Amino acid sequence: MTHAVEHLLRAEAPQVLGALVRRFGHFDIAEDAVQEALLVASRAWPTDGVPEHPRSWLIRIGYRRMVDLLRADQARRRREQHAGMTELAMRDPARRAHPPLETDDSLTLLLLCCHPALSATSQVALTLRAVGGLTTAEIAHAYGTAENTMGARISRAKQQLARAGARFTPPTDADRDSRMNAVMQVLYLIFNEGYTASTGDTLARVDLTREAIRLTRMLHDSLPDDAEATGLLALMLLTESRRAARTRGDELVPLDEQDRTQWDAELIREGTGLIDGVWRRREVGTYQLQAAIAAVHAAAASPGRTDWPQIAALYLGLEQLSPTAPVRLSRVVAVAHAYGPARGLALLDDLNRSHHLDEEPLTRQRERAVRAHLLELTGDPTGAAERYREAAALTRNQVEQRYLLGRAGRIE
């Protein structure tokens with residue numbers, strides 16, 4: 001399947017799903033029908049060519065498969081009757097027209113997939129499947145699990161939505177505001193998993209970062225005046241701009257050793273423009289602050305010209321809005337760069353006493369890596385090597401593991 005066809009299918013997937021759910025209801029069955037329509041298209045279009053009205057083509061195939069799926073559900077006679085009526089209606093050419101192209105169901109689908117009845121893991125999986133158009137096998141591969149395990153997780157998520165009475169309706173302002181945080185968190189989780197994969201022999205999963213950016217663009221297009229949605233997109237673009245420089249062969253390259261000529265200037269321009277545009281509003285949120293930090297890094301022509309005091313101040317503001325272990329640990333790094341490794345170590349010790357960063361699941365591995373680096377800079381190679389090895393033992397990413405063990409070996 002060509003990249004152009006793949007991109008088109010993923011862009012059309014949420015619109016086709018929206019059309020089916022609006023006509024039939026039954027999100028779980030409609031989503032299965034859409035996946036099968038996408039599969040048929042992925043096989044036919046590369047050889048037969050893309051039809052003149054691809055969305056109409058996909059909806060027509062999805063309708064037919066939906067009828068089959070509803071008929072197969074013998075325990076639900078009313079669904080079977082509804083499906084029969086829909087099949088007859090589909091024989092009328094006037095009823096085959098695809099929905100108006102201006103109908104965009106993307107935001108409604110994102111809100112549905114990020115329903116509060118679902119766990120964060122289920123929200124991510126269902127978003128990738130229903131809105132992103134990824135197959136169950138692709139999602140399973142990205143998260144290092146078996147396809148049948150991921151399939152069961154997605155199936156349970158759809159059942160939970162049905163039990164919760166979740167409906168496919170455009171969000172009200174109150175509903176949108178209460179659920180938007182969940183949507184952005186899911187997109188952020190997808191991007192982070194792609195940028196530094198939790199398992200495997202590659203540092204990044206480009207398919208996931210690309211999909212997270214695509215979906216966040218979709219969110220930004222739906223809500224162009226939402227400052228946090230804009231901040232999230234800016235953060236992803238600025239972070240992604242460094243991807244090519246993060247590895248050399250199969251080795252990890254830390255930020256201060258990266259060849260900045262490899263950074264993507266176009267992504268930096270776009271990301272910086274987005275964050276500059278919303279920063280003036282003074283409606284600062286967590287994603288905007290993180291994007292501002294990324295923009296400060298992007299503006300430095302060399303590591304030595306990075307404005308670390310400004311980054312440390314931004315992290316302090318971020319910590320006040322989002323007092324999480326990863327944010328606190330990132331502030332330690334910024335303080336160490338701005339004011340010296342000894343001060344960074346002192347702050348780390350203080351935060352461990354009050355917040356136990358060395359025990360938190362999200363930071364216990366990175367806490368050891370940060371401490372190792374600071375110990376190395378303050379002249380304690382033995383202690384640093386020990387912490388590097390501890391950090392290596394706590395990651396399942398082989399690229400990161402090799403880097404940490406290599407640092408330990410070089411300083412002993």
# chains A, B, ... in the order shown; residues from 1 in each chain; ligands from 1
>>> residues_around(residues="A:Arg43", least_positions_apart="3", cutoff="12 Å", atoms="only C-alpha atoms", output="PDB file with C-alpha atoms, in the first residue's frame")
ATOM      1  CA  MET A   1       0.000   0.000   0.000  1.00  0.00           C
ATOM      2  CA  THR A   2       1.412   3.384  -1.004  1.00  0.00           C
ATOM      3  CA  VAL A   5      -3.311   5.648   0.004  1.00  0.00           C
ATOM      4  CA  GLU A   6      -2.455   4.903   3.643  1.00  0.00           C
ATOM      5  CA  LEU A   9      -7.508   5.910   4.498  1.00  0.00           C
ATOM      6  CA  GLU A  36     -13.024  -4.192   7.234  1.00  0.00           C
ATOM      7  CA  ALA A  37     -13.864  -1.461   4.709  1.00  0.00           C
ATOM      8  CA  LEU A  38     -10.379  -0.017   5.179  1.00  0.00           C
ATOM      9  CA  LEU A  39      -8.876  -3.466   4.644  1.00  0.00           C
ATOM     10  CA  VAL A  40     -10.814  -3.927   1.386  1.00  0.00           C
ATOM     11  CA  PRO A  46      -3.244   0.401  -5.019  1.00  0.00           C
ATOM     12  CA  THR A  47      -4.091  -1.692  -8.086  1.00  0.00           C
ATOM     13  CA  ASP A  48      -7.512  -0.369  -9.195  1.00  0.00           C
ATOM     14  CA  GLY A  49      -6.870   3.260  -8.329  1.00  0.00           C
ATOM     15  CA  VAL A  50      -8.528   5.527  -5.771  1.00  0.00           C
TER      16      VAL A  50
END
>>> select_by_dssp(residues="stretch 192-254 of chain A", states="helix (DSSP H, G or I)", output="PyMOL selection string")
chain A and resi 192-195+206-222+227-240+243-245
>>> closest_atom_pairs(of="stretch 141-199 of chain A", to="stretch 203-221 of chain A", cutoff="6 Å", atoms="only C-alpha atoms", output="CSV")
residue,atom,partner,partner_atom,distance
A:Leu187,CA,A:Ala212,CA,5.6
A:Ile190,CA,A:Ala212,CA,5.9
A:Phe191,CA,A:Thr209,CA,4.7
A:Gly194,CA,A:Arg205,CA,4.2
A:Tyr195,CA,A:Ala204,CA,4.8
A:Thr196,CA,A:Ala204,CA,4.9
A:Ala197,CA,A:Ala204,CA,5.3
>>> residues_around(residues="A:Met180", least_positions_apart="3", cutoff="10 Å", atoms="only C-alpha atoms", output="PyMOL selection string")
chain A and resi 107+110-111+114+175-177+183-186+219+228-229
>>> atom_distance(atom1="atom CA of A:Gln262", atom2="atom CA of A:Thr230")
24.8 Å
